[in-house]
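Trainee: For reference, the structure I am asking about is given below.
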Amino acid sequence: MTTPSTTTPSTTPHSTTQSGAPVVSDAHAQSTGADGAIALTDHYLVEKLAQFNRERVPERIVHAKGGGAFGTFKTTEDVSAYTKAALFQQGVETETLTRFSSVAGEAGSPDTWRDPRGFSTKFYTTEGNYDLVGNNTPVFFIRDGIKFPDFIHSQKRLPGSNLRDADMQWDFWTLSPESAHQVTWVMSDRGLPASWREMQGYGSHTYQWINDAGERFWVKYHFRSNQGVNAMTGDEAERLAGSDSDYYIRDLYENIDAGNFPSWDLHVQIMPYADAKDYRFNPFDLTKVWPHADYPLVKVGTMTLNRNPENYFAQIEQAAFAPSNFVPGIAASPDKMLQARIFSYADAHRYRVGTNHAQLPVNAPKNQVHNYSQNGAARYTFNDASTPNYAPNSKGGAAAVEPATVGGGWENDGALTLSAHSLHAEDSDFGQAGTMYREVFDDGAKARFLDTITGAVGGVKDAGIKERAIGYWTSVDADLGAKLRANLGAGEETNSASEAAIKY
Ligand code: HEM
């Protein structure tokens with residue numbers, strides 16, 4: 001065994017075991033003689049190796065690769081006519097944590113693979129934590145949460161070879177035509193942001209806001225980047241995937257470190273409660289955007305990211321964002337995807353971080369927590385012994401507020417059903433994707449888009465799936481479909497392929 005160096009400055013603390021006793025060597029394990037077997041009495045060696053084996057928690061099932069930073073959100077405008085939420089009252093400043101991520105890749109995957117990007121913000125409000133867990137796209141691939149596990153399986157890896165596979169991606173997408181709008185976003189320039197700082201964030205779902213008088217509104221959130229919206233080319237993304245797989249994390253960290261704090265202005269689109277019933281398409285369908293001409297953006301405030309994490313694992317990997325974390329004045333909507341997510345995330349956190357994940361400093365609210373839950377692995381906080389651990393009680397324990405003071409319901413016909421959302425006059429799977437291609441993309445964006453889908457569909461081996469993919473893009477735009485067919489060197493639709501194809 002070695003002894004601590006005599007040159008060690010006296011201010012250097014001794015290393016200790018987890019229980020605080022001084023450690024005698026970080027260089028040599030105890031052994032029975034210099035060449036003998038190591039001894040189990042070296043409990044520090046055992047502790048060190050055992051702790052090391054437990055350094056990982058399961059990675060997120062989706063959005064495993066990411067990074068983030070702390071910041072502040074300031075409400076600059078008066079939106080009290082629409083919500084009573086304390087954080088959205090004019091002048092209020094709230095601490096935040098934002099995590100950006102990519103969806104399909106694993107924890108070590110390159111930042112610049114084409115994908116939607118996650119954009120999650122936790123607002124540490126005076127009324128509890130409010131989490132807005134969105135993406136850099138305003139829509140999603142599916143409109144019913146029961147499809148989510150199948151969708152993710154198709155985008156991740158084959159069970160046998162563990163390889164990613166274009167056939168299963170396009171098989172799922174073409175058999176789920178509601179995906180067309182989001183696939184158009186992801187295959188466009190928005191699928192390769194120049195950095196996390198230079199992309200928009202969207203709450204995507206329709207949420208509910210409730211004002212002091214109990215009036216209800218439907219809202220969609222938009223974070224608009226003050227750094228501008230910029231993309232990188234496919235070639236650049238591929239080069240960076242090889243040379244700097246942590247490119248986005250580095251960009252965010254270094255900019256904040258240098259005092260170049262990124263910021264986003266938060267806007268909402270507001271739909272009066274009664275409009276939803278007869279709006280021209282279902283306003284709770286996550287595959288649709290609301291045209292700004294119908295519901296213009298209303299500014300709420302500005303979020304600035306100004307503090308890097310001090311410890312990535314404790315503050316970013318263990319961060320737990322949940323769409324179920326609402327505060328008074330903000331609530332759910334009839335969006336079935338949102339409702340599935342309201343179950344899914346807190347459940348994932350109990351598995352991934354532990355049943356008491358909400359007590360970790362990064363997840364704990366800044367206000368007091370009072371409830372009747374107790375115990376569980378790694379419990380840290382507890383009530384005073386005089387506090388009752390059951391409700392109702394006559395001992396002065398915490399009492400729930402009246403439902404009316406929180407609000408947030410809606411009416412429906414009450415029949416139990418397995419159908420999609422109720423139909424509205426202009427519901428369509430391909431309409432908004434086609435509008436985006438024809439009216440939002442300029443000629444350059446159209447050319448890059450065609451190039452990207454040619455490469456992506458070109459990787460499909462199964463002729464039936466490839467033909468369906470051409471049919472899918474033809475349904476988005478006939479001219480686009482014809483160009484794709486020509487690029488792929490595919491002949492006219494054959495009988496056998498059309499038998500396999502779904503009719504749109
Ligand atoms: C992460 C489920 C749809 C954005 C996750 C996680 C789960 C999940 C289990 C991992 C949570 C964790 O371990 O901390 C689902 C289900 C969905 C769905 C079941 C559909 C029913 C969506 C949609 C969006 C979204 C529509 C965006 C609008 C995110 C983001 C993260 C995430 C940003 C990463 C959160 C973080 O930074 O920690 N999702 N998801 N998801 N999801 Fe979803």
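Every chain in the structure tokens takes a letter, A first, then B, and so on in the order presented; its residues are numbered from 1, and the ligands are numbered from 1 following the presented order.
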Which neighbours of Pro323 (chain A) fall inside 8 Å, counting only C-alpha atoms, when residues of the same chain fewer than 6 positions from it are skipped, and could you give them as a list in words?
Mentor: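 Final neighbour list, sorted by chain and number: Asp131, Leu132, Val133, Leu338, Arg341, Ile342 and Tyr345 of chain A.
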Trainee: Please provide as a PyMOL selection string all residues within 6 Å of region 86-89 of chain A, with the sequence filter that same-chain residues fewer than 3 positions apart are discarded (counting only C-alpha atoms).
Mentor: chain A and resi 75+92+125
Trainee: Counting only C-alpha atoms and all ligand atoms, which residues in chain A sit no more than 8 Å from ligand 1? For each one, give the nearest pair of atoms and the distance in Å, sorted by chain then residue number, as a Markdown table.
Mentor:
```
| residue | atom | partner | partner_atom_place_in_ligand_line | distance |
| --- | --- | --- | --- | --- |
| A:Glu59 | CA | ligand 1 | 13 (O) | 7.1 |
| A:Arg60 | CA | ligand 1 | 13 (O) | 4.0 |
| A:Ile61 | CA | ligand 1 | 10 (C) | 5.4 |
| A:Val62 | CA | ligand 1 | 5 (C) | 5.3 |
| A:His63 | CA | ligand 1 | 34 (C) | 4.8 |
| A:Ala64 | CA | ligand 1 | 34 (C) | 7.4 |
| A:Gly66 | CA | ligand 1 | 37 (O) | 6.9 |
| A:Thr98 | CA | ligand 1 | 37 (O) | 7.6 |
| A:Arg99 | CA | ligand 1 | 37 (O) | 4.7 |
| A:Phe100 | CA | ligand 1 | 37 (O) | 5.9 |
| A:Ser101 | CA | ligand 1 | 37 (O) | 6.1 |
| A:Val103 | CA | ligand 1 | 31 (C) | 7.4 |
| A:Arg117 | CA | ligand 1 | 33 (C) | 7.1 |
| A:Gly118 | CA | ligand 1 | 33 (C) | 3.5 |
| A:Phe119 | CA | ligand 1 | 33 (C) | 5.0 |
| A:Ser120 | CA | ligand 1 | 33 (C) | 5.0 |
| A:Val133 | CA | ligand 1 | 33 (C) | 5.0 |
| A:Gly134 | CA | ligand 1 | 28 (C) | 3.9 |
| A:Asn135 | CA | ligand 1 | 27 (C) | 4.6 |
| A:Thr137 | CA | ligand 1 | 28 (C) | 7.5 |
| A:Pro138 | CA | ligand 1 | 28 (C) | 7.2 |
| A:Val139 | CA | ligand 1 | 28 (C) | 7.0 |
| A:Phe140 | CA | ligand 1 | 26 (C) | 5.6 |
| A:Asp144 | CA | ligand 1 | 21 (C) | 6.6 |
| A:Gly145 | CA | ligand 1 | 21 (C) | 3.5 |
| A:Ile146 | CA | ligand 1 | 21 (C) | 6.8 |
| A:Lys147 | CA | ligand 1 | 21 (C) | 7.5 |
| A:Phe148 | CA | ligand 1 | 20 (C) | 5.2 |
| A:Pro149 | CA | ligand 1 | 19 (C) | 7.1 |
| A:Tyr202 | CA | ligand 1 | 28 (C) | 7.1 |
| A:Gly203 | CA | ligand 1 | 28 (C) | 5.9 |
| A:Ser204 | CA | ligand 1 | 28 (C) | 4.9 |
| A:His205 | CA | ligand 1 | 28 (C) | 6.5 |
| A:Leu286 | CA | ligand 1 | 26 (C) | 7.4 |
| A:Ile316 | CA | ligand 1 | 38 (O) | 7.8 |
| A:Glu317 | CA | ligand 1 | 38 (O) | 7.6 |
| A:Gln318 | CA | ligand 1 | 14 (O) | 7.9 |
| A:Ala319 | CA | ligand 1 | 38 (O) | 6.2 |
| A:Ala320 | CA | ligand 1 | 14 (O) | 4.9 |
| A:Phe321 | CA | ligand 1 | 38 (O) | 5.3 |
| A:Ala322 | CA | ligand 1 | 14 (O) | 7.5 |
| A:Lys336 | CA | ligand 1 | 21 (C) | 7.7 |
| A:Met337 | CA | ligand 1 | 21 (C) | 4.5 |
| A:Leu338 | CA | ligand 1 | 21 (C) | 6.4 |
| A:Gln339 | CA | ligand 1 | 21 (C) | 7.4 |
| A:Ala340 | CA | ligand 1 | 21 (C) | 4.7 |
| A:Arg341 | CA | ligand 1 | 21 (C) | 4.8 |
| A:Phe343 | CA | ligand 1 | 19 (C) | 7.9 |
| A:Ser344 | CA | ligand 1 | 19 (C) | 5.3 |
| A:Tyr345 | CA | ligand 1 | 9 (C) | 5.0 |
| A:Ala346 | CA | ligand 1 | 11 (C) | 7.7 |
| A:Asp347 | CA | ligand 1 | 9 (C) | 7.6 |
| A:Ala348 | CA | ligand 1 | 13 (O) | 4.9 |
| A:His349 | CA | ligand 1 | 13 (O) | 5.5 |
| A:Arg352 | CA | ligand 1 | 13 (O) | 6.0 |
```
Trainee: How many Å separate CA of Ser195 (chain A) from CA of Ala237 (chain A)?
Mentor: 10.8 Å
Trainee: Please measure the separation of CA of Ser179 (chain A) and CA of Glu467 (chain A), giving the value in Å to one decimal.
Mentor: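 Atom-to-atom, CA of Ser179 (chain A) and CA of Glu467 (chain A) are spaced 16.8 Å apart.
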Trainee: Compare A:Asp212, A:Asp246, A:Asp165, A:Asp189 by their minimum atom-to-atom distance to Ala445 (chain A), counting only C-alpha atoms, and give me the closest one.
Mentor: A:Asp189
Trainee: Can you list, as a compact mmCIF listing (two decimals) with C-alpha atoms, in the first residue's frame, every protein, DNA or RNA residue that comes within 12 Å of region 44-58 of chain A when you count only C-alpha atoms, leaving out same-chain residues fewer than 3 positions away?
Mentor:
```txt
# COMPACT_ATOMS: atom_id res chain seq x y z
CA SER A 15 -10.62 10.91 -0.27
CA THR A 16 -13.16 8.93 1.71
CA THR A 17 -15.40 5.92 1.37
CA GLN A 18 -19.09 6.59 0.73
CA SER A 19 -19.57 6.46 4.47
CA GLY A 20 -16.93 9.11 5.04
CA ALA A 21 -13.94 7.15 6.40
CA PRO A 22 -10.51 8.09 4.98
CA VAL A 23 -9.30 6.02 2.03
CA VAL A 24 -5.74 4.73 2.21
CA SER A 25 -5.09 4.10 -1.49
CA ASP A 26 -6.67 4.99 -4.81
CA ALA A 27 -3.79 3.26 -6.60
CA HIS A 28 -3.44 -0.23 -5.14
CA ALA A 29 -5.90 -2.86 -4.00
CA GLN A 30 -5.04 -4.86 -0.87
CA SER A 31 -3.48 -8.23 -1.68
CA ILE A 38 -6.57 -9.45 -3.72
CA ALA A 39 -8.41 -9.49 -0.39
CA LEU A 40 -12.15 -9.07 0.15
CA THR A 41 -11.26 -7.02 3.22
CA ILE A 61 -36.62 4.95 -24.68
CA VAL A 62 -36.82 7.83 -27.18
CA ALA A 64 -31.94 9.46 -25.59
CA GLU A 106 -29.27 6.10 -28.84
CA ALA A 107 -27.43 8.09 -26.16
CA PHE A 313 -25.82 13.34 -15.32
CA ALA A 314 -27.44 14.92 -12.26
CA GLU A 317 -29.75 12.86 -17.75
CA GLN A 318 -31.88 12.64 -14.59
CA ALA A 319 -34.14 15.52 -15.63
CA ALA A 348 -41.05 6.25 -17.69
CA HIS A 349 -39.52 8.37 -14.94
CA ARG A 350 -40.47 5.91 -12.21
CA TYR A 351 -38.71 3.18 -14.21
CA ARG A 352 -35.76 5.20 -15.52
CA VAL A 353 -34.87 7.39 -12.54
CA GLY A 354 -36.93 5.91 -9.69
```
Trainee: With region 379-393 of chain A as the partner and 12 Å as the cut-off, tabulate the residues of region 263-371 of chain A that qualify, each row holding the nearest pair of atoms and their distance in Å to one decimal, using only C-alpha atoms, sorted by chain and rising number, as CSV.
Mentor:
```
residue,atom,partner,partner_atom,distance
A:Gly354,CA,A:Arg379,CA,9.7
A:Thr355,CA,A:Arg379,CA,8.5
A:Asn356,CA,A:Arg379,CA,6.1
A:His357,CA,A:Arg379,CA,9.1
A:Ala358,CA,A:Arg379,CA,10.1
A:Gln359,CA,A:Tyr380,CA,7.0
A:Leu360,CA,A:Tyr380,CA,8.6
A:Pro361,CA,A:Tyr380,CA,10.8
A:Ala364,CA,A:Thr381,CA,10.8
A:Gln368,CA,A:Thr381,CA,11.3
A:Val369,CA,A:Thr381,CA,9.8
A:His370,CA,A:Asn383,CA,8.4
A:Asn371,CA,A:Asn389,CA,8.3
```
Trainee: Take the selection from the previous step and output its residues with N, CA and C atoms, as a short mmCIF file (atom, residue, chain, number, x, y, z; two decimals), in the first residue's frame.
Mentor:
```
data_model
loop_
_atom_site.label_atom_id
_atom_site.label_comp_id
_atom_site.auth_asym_id
_atom_site.auth_seq_id
_atom_site.Cartn_x
_atom_site.Cartn_y
_atom_site.Cartn_z
N GLY A 354 -36.51 6.45 -10.99
CA GLY A 354 -36.93 5.91 -9.69
C GLY A 354 -38.21 6.56 -9.22
N THR A 355 -38.86 5.87 -8.29
CA THR A 355 -40.18 6.33 -7.86
C THR A 355 -40.12 7.70 -7.21
N ASN A 356 -38.96 8.04 -6.64
CA ASN A 356 -38.84 9.35 -6.00
C ASN A 356 -38.08 10.37 -6.86
N HIS A 357 -38.16 10.20 -8.20
CA HIS A 357 -37.42 11.09 -9.10
C HIS A 357 -37.77 12.57 -8.88
N ALA A 358 -39.00 12.84 -8.45
CA ALA A 358 -39.43 14.24 -8.32
C ALA A 358 -38.75 14.95 -7.15
N GLN A 359 -38.03 14.18 -6.31
CA GLN A 359 -37.33 14.82 -5.20
C GLN A 359 -35.93 15.28 -5.55
N LEU A 360 -35.39 14.81 -6.69
CA LEU A 360 -34.05 15.25 -7.08
C LEU A 360 -34.07 16.75 -7.32
N PRO A 361 -32.99 17.46 -6.95
CA PRO A 361 -33.02 18.93 -7.07
C PRO A 361 -33.46 19.41 -8.45
N ALA A 364 -37.34 18.79 -8.56
CA ALA A 364 -38.20 19.25 -7.46
C ALA A 364 -38.74 20.64 -7.74
N GLN A 368 -43.51 24.49 -1.99
CA GLN A 368 -43.64 23.38 -1.04
C GLN A 368 -44.48 22.26 -1.62
N VAL A 369 -44.12 21.01 -1.29
CA VAL A 369 -44.91 19.85 -1.72
C VAL A 369 -45.61 19.28 -0.49
N HIS A 370 -46.93 19.10 -0.59
CA HIS A 370 -47.69 18.48 0.50
C HIS A 370 -48.56 17.40 -0.10
N ASN A 371 -48.34 16.15 0.24
CA ASN A 371 -49.31 15.12 -0.17
C ASN A 371 -49.14 13.92 0.76
#
```
Trainee: Can you pull out the residues contacting Ala456 (chain A)? Cut-off 12 Å, using only C-alpha atoms, and skip same-chain residues under 6 positions away; I want them as a list in words.
Mentor: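 Close residues of Ala456 (chain A): Arg114, Asp165, Ala166, Asp167, Met168, Gln169, Trp170, Val183, Val186, Met187, Gly234, Phe449, Leu450, Lys466, Ala469, Ile470, Leu484, Asn487 and Leu488 of chain A.
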Trainee: Filtering to N, CA and C atoms, could you give me those residues as a compact mmCIF listing (two decimals), in the first residue's frame?
Mentor:
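Done, and the output landed in out27.txt:
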```txt
# COMPACT_ATOMS: atom_id res chain seq x y z
N ARG A 114 -30.59 13.17 -39.44
CA ARG A 114 -31.89 13.79 -39.73
C ARG A 114 -32.97 13.20 -38.80
N ASP A 165 -33.45 0.39 -40.63
CA ASP A 165 -33.95 -0.23 -41.85
C ASP A 165 -34.98 0.65 -42.55
N ALA A 166 -34.63 1.08 -43.77
CA ALA A 166 -35.53 1.95 -44.53
C ALA A 166 -36.86 1.25 -44.82
N ASP A 167 -36.84 -0.08 -45.03
CA ASP A 167 -38.07 -0.77 -45.37
C ASP A 167 -39.11 -0.64 -44.26
N MET A 168 -38.68 -0.86 -43.01
CA MET A 168 -39.71 -0.80 -41.96
C MET A 168 -40.14 0.63 -41.70
N GLN A 169 -39.24 1.61 -41.90
CA GLN A 169 -39.66 3.01 -41.72
C GLN A 169 -40.75 3.37 -42.73
N TRP A 170 -40.50 3.05 -44.01
CA TRP A 170 -41.46 3.43 -45.05
C TRP A 170 -42.68 2.53 -45.05
N VAL A 183 -43.63 13.84 -41.92
CA VAL A 183 -42.50 13.34 -42.71
C VAL A 183 -42.03 14.46 -43.66
N VAL A 186 -39.82 16.64 -41.59
CA VAL A 186 -38.53 16.04 -41.23
C VAL A 186 -37.60 15.92 -42.44
N MET A 187 -38.16 15.66 -43.62
CA MET A 187 -37.33 15.54 -44.82
C MET A 187 -36.97 16.92 -45.40
N GLY A 234 -27.27 18.34 -46.14
CA GLY A 234 -27.11 16.91 -45.85
C GLY A 234 -25.64 16.52 -45.81
N PHE A 449 -35.52 18.90 -50.99
CA PHE A 449 -36.51 17.96 -50.46
C PHE A 449 -36.58 16.72 -51.35
N LEU A 450 -36.66 16.95 -52.66
CA LEU A 450 -36.73 15.83 -53.61
C LEU A 450 -35.48 14.96 -53.49
N LYS A 466 -41.70 0.30 -51.78
CA LYS A 466 -41.18 1.44 -52.56
C LYS A 466 -42.31 2.05 -53.39
N ALA A 469 -44.45 4.09 -51.29
CA ALA A 469 -43.82 5.36 -50.92
C ALA A 469 -43.98 6.37 -52.07
N ILE A 470 -43.86 5.90 -53.30
CA ILE A 470 -44.07 6.82 -54.44
C ILE A 470 -45.53 7.29 -54.43
N LEU A 484 -40.14 11.96 -58.21
CA LEU A 484 -39.53 10.91 -57.38
C LEU A 484 -39.46 9.60 -58.16
N ASN A 487 -36.65 9.85 -60.59
CA ASN A 487 -35.34 9.78 -59.91
C ASN A 487 -34.99 8.35 -59.50
N LEU A 488 -36.01 7.61 -59.08
CA LEU A 488 -35.76 6.25 -58.60
C LEU A 488 -35.66 5.26 -59.75
```
Trainee: Work out how far CA of Tyr124 (chain A) is from CA of Asn311 (chain A), in Å to one decimal.
Mentor: 18.9 Å
Trainee: In region 39-189 of chain A, what's helix (DSSP H, G or I) per DSSP? Answer as a PyMOL selection string?
Mentor: chain A and resi 43-53+86-88+145-155+166-175+177-187+189
Trainee: Do you know which residues are at most 12 Å from Ala490 (chain A) counting only C-alpha atoms, after dropping those on the same chain fewer than 3 positions away, and could you put them as a list of chain:residue names?
Mentor: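 So the residues in contact are A:Thr454, A:Val457, A:Gly458, A:Ala463, A:Gly464, A:Lys466, A:Glu467, A:Arg468, A:Ala469, A:Ile470, A:Gly471, A:Gly481, A:Ala482, A:Lys483, A:Leu484, A:Arg485, A:Ala486, A:Asn487, A:Glu493, A:Thr494, A:Ala497.
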Trainee: Would you list the contacts of region 213-229 of chain A as a list in words, taking every protein, DNA or RNA residue within 6 Å and counting only C-alpha atoms, but skipping same-chain residues closer than 2 positions in sequence?
Mentor: Glu198, Met199, Gln200, Gly201, Tyr202, Gly203, Thr206, Tyr207, Gln208, Trp209, Ile210, Asn211, Ser263, Trp264, Asp265, Leu266, His267, Val268, Gln269, Ile270, Met271, Pro272 and Tyr273 of chain A
Trainee: Closest to Ala180 (chain A) among A:Gly407, A:Gly108, A:Gly414, A:Gly434, using only C-alpha atoms?
Mentor: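 Comparing A:Gly407, A:Gly108, A:Gly414, A:Gly434 against Ala180 (chain A), the winner is A:Gly434.
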Trainee: Would you pick out the contacts of Pro262 (chain A) at 7 Å or less, using only C-alpha atoms, so that residues sharing its chain but fewer than 6 positions from it are not included, and give the list as number ranges by chain?
Mentor: A: 197, 227, 304-305
Trainee: Please run DSSP on the backbone and report, as a PyMOL selection string, all residues within region 159-401 of chain A that come out as strand (DSSP E).
Mentor: chain A and resi 201-202+207-210+216-225+263-272+297-307+330-331
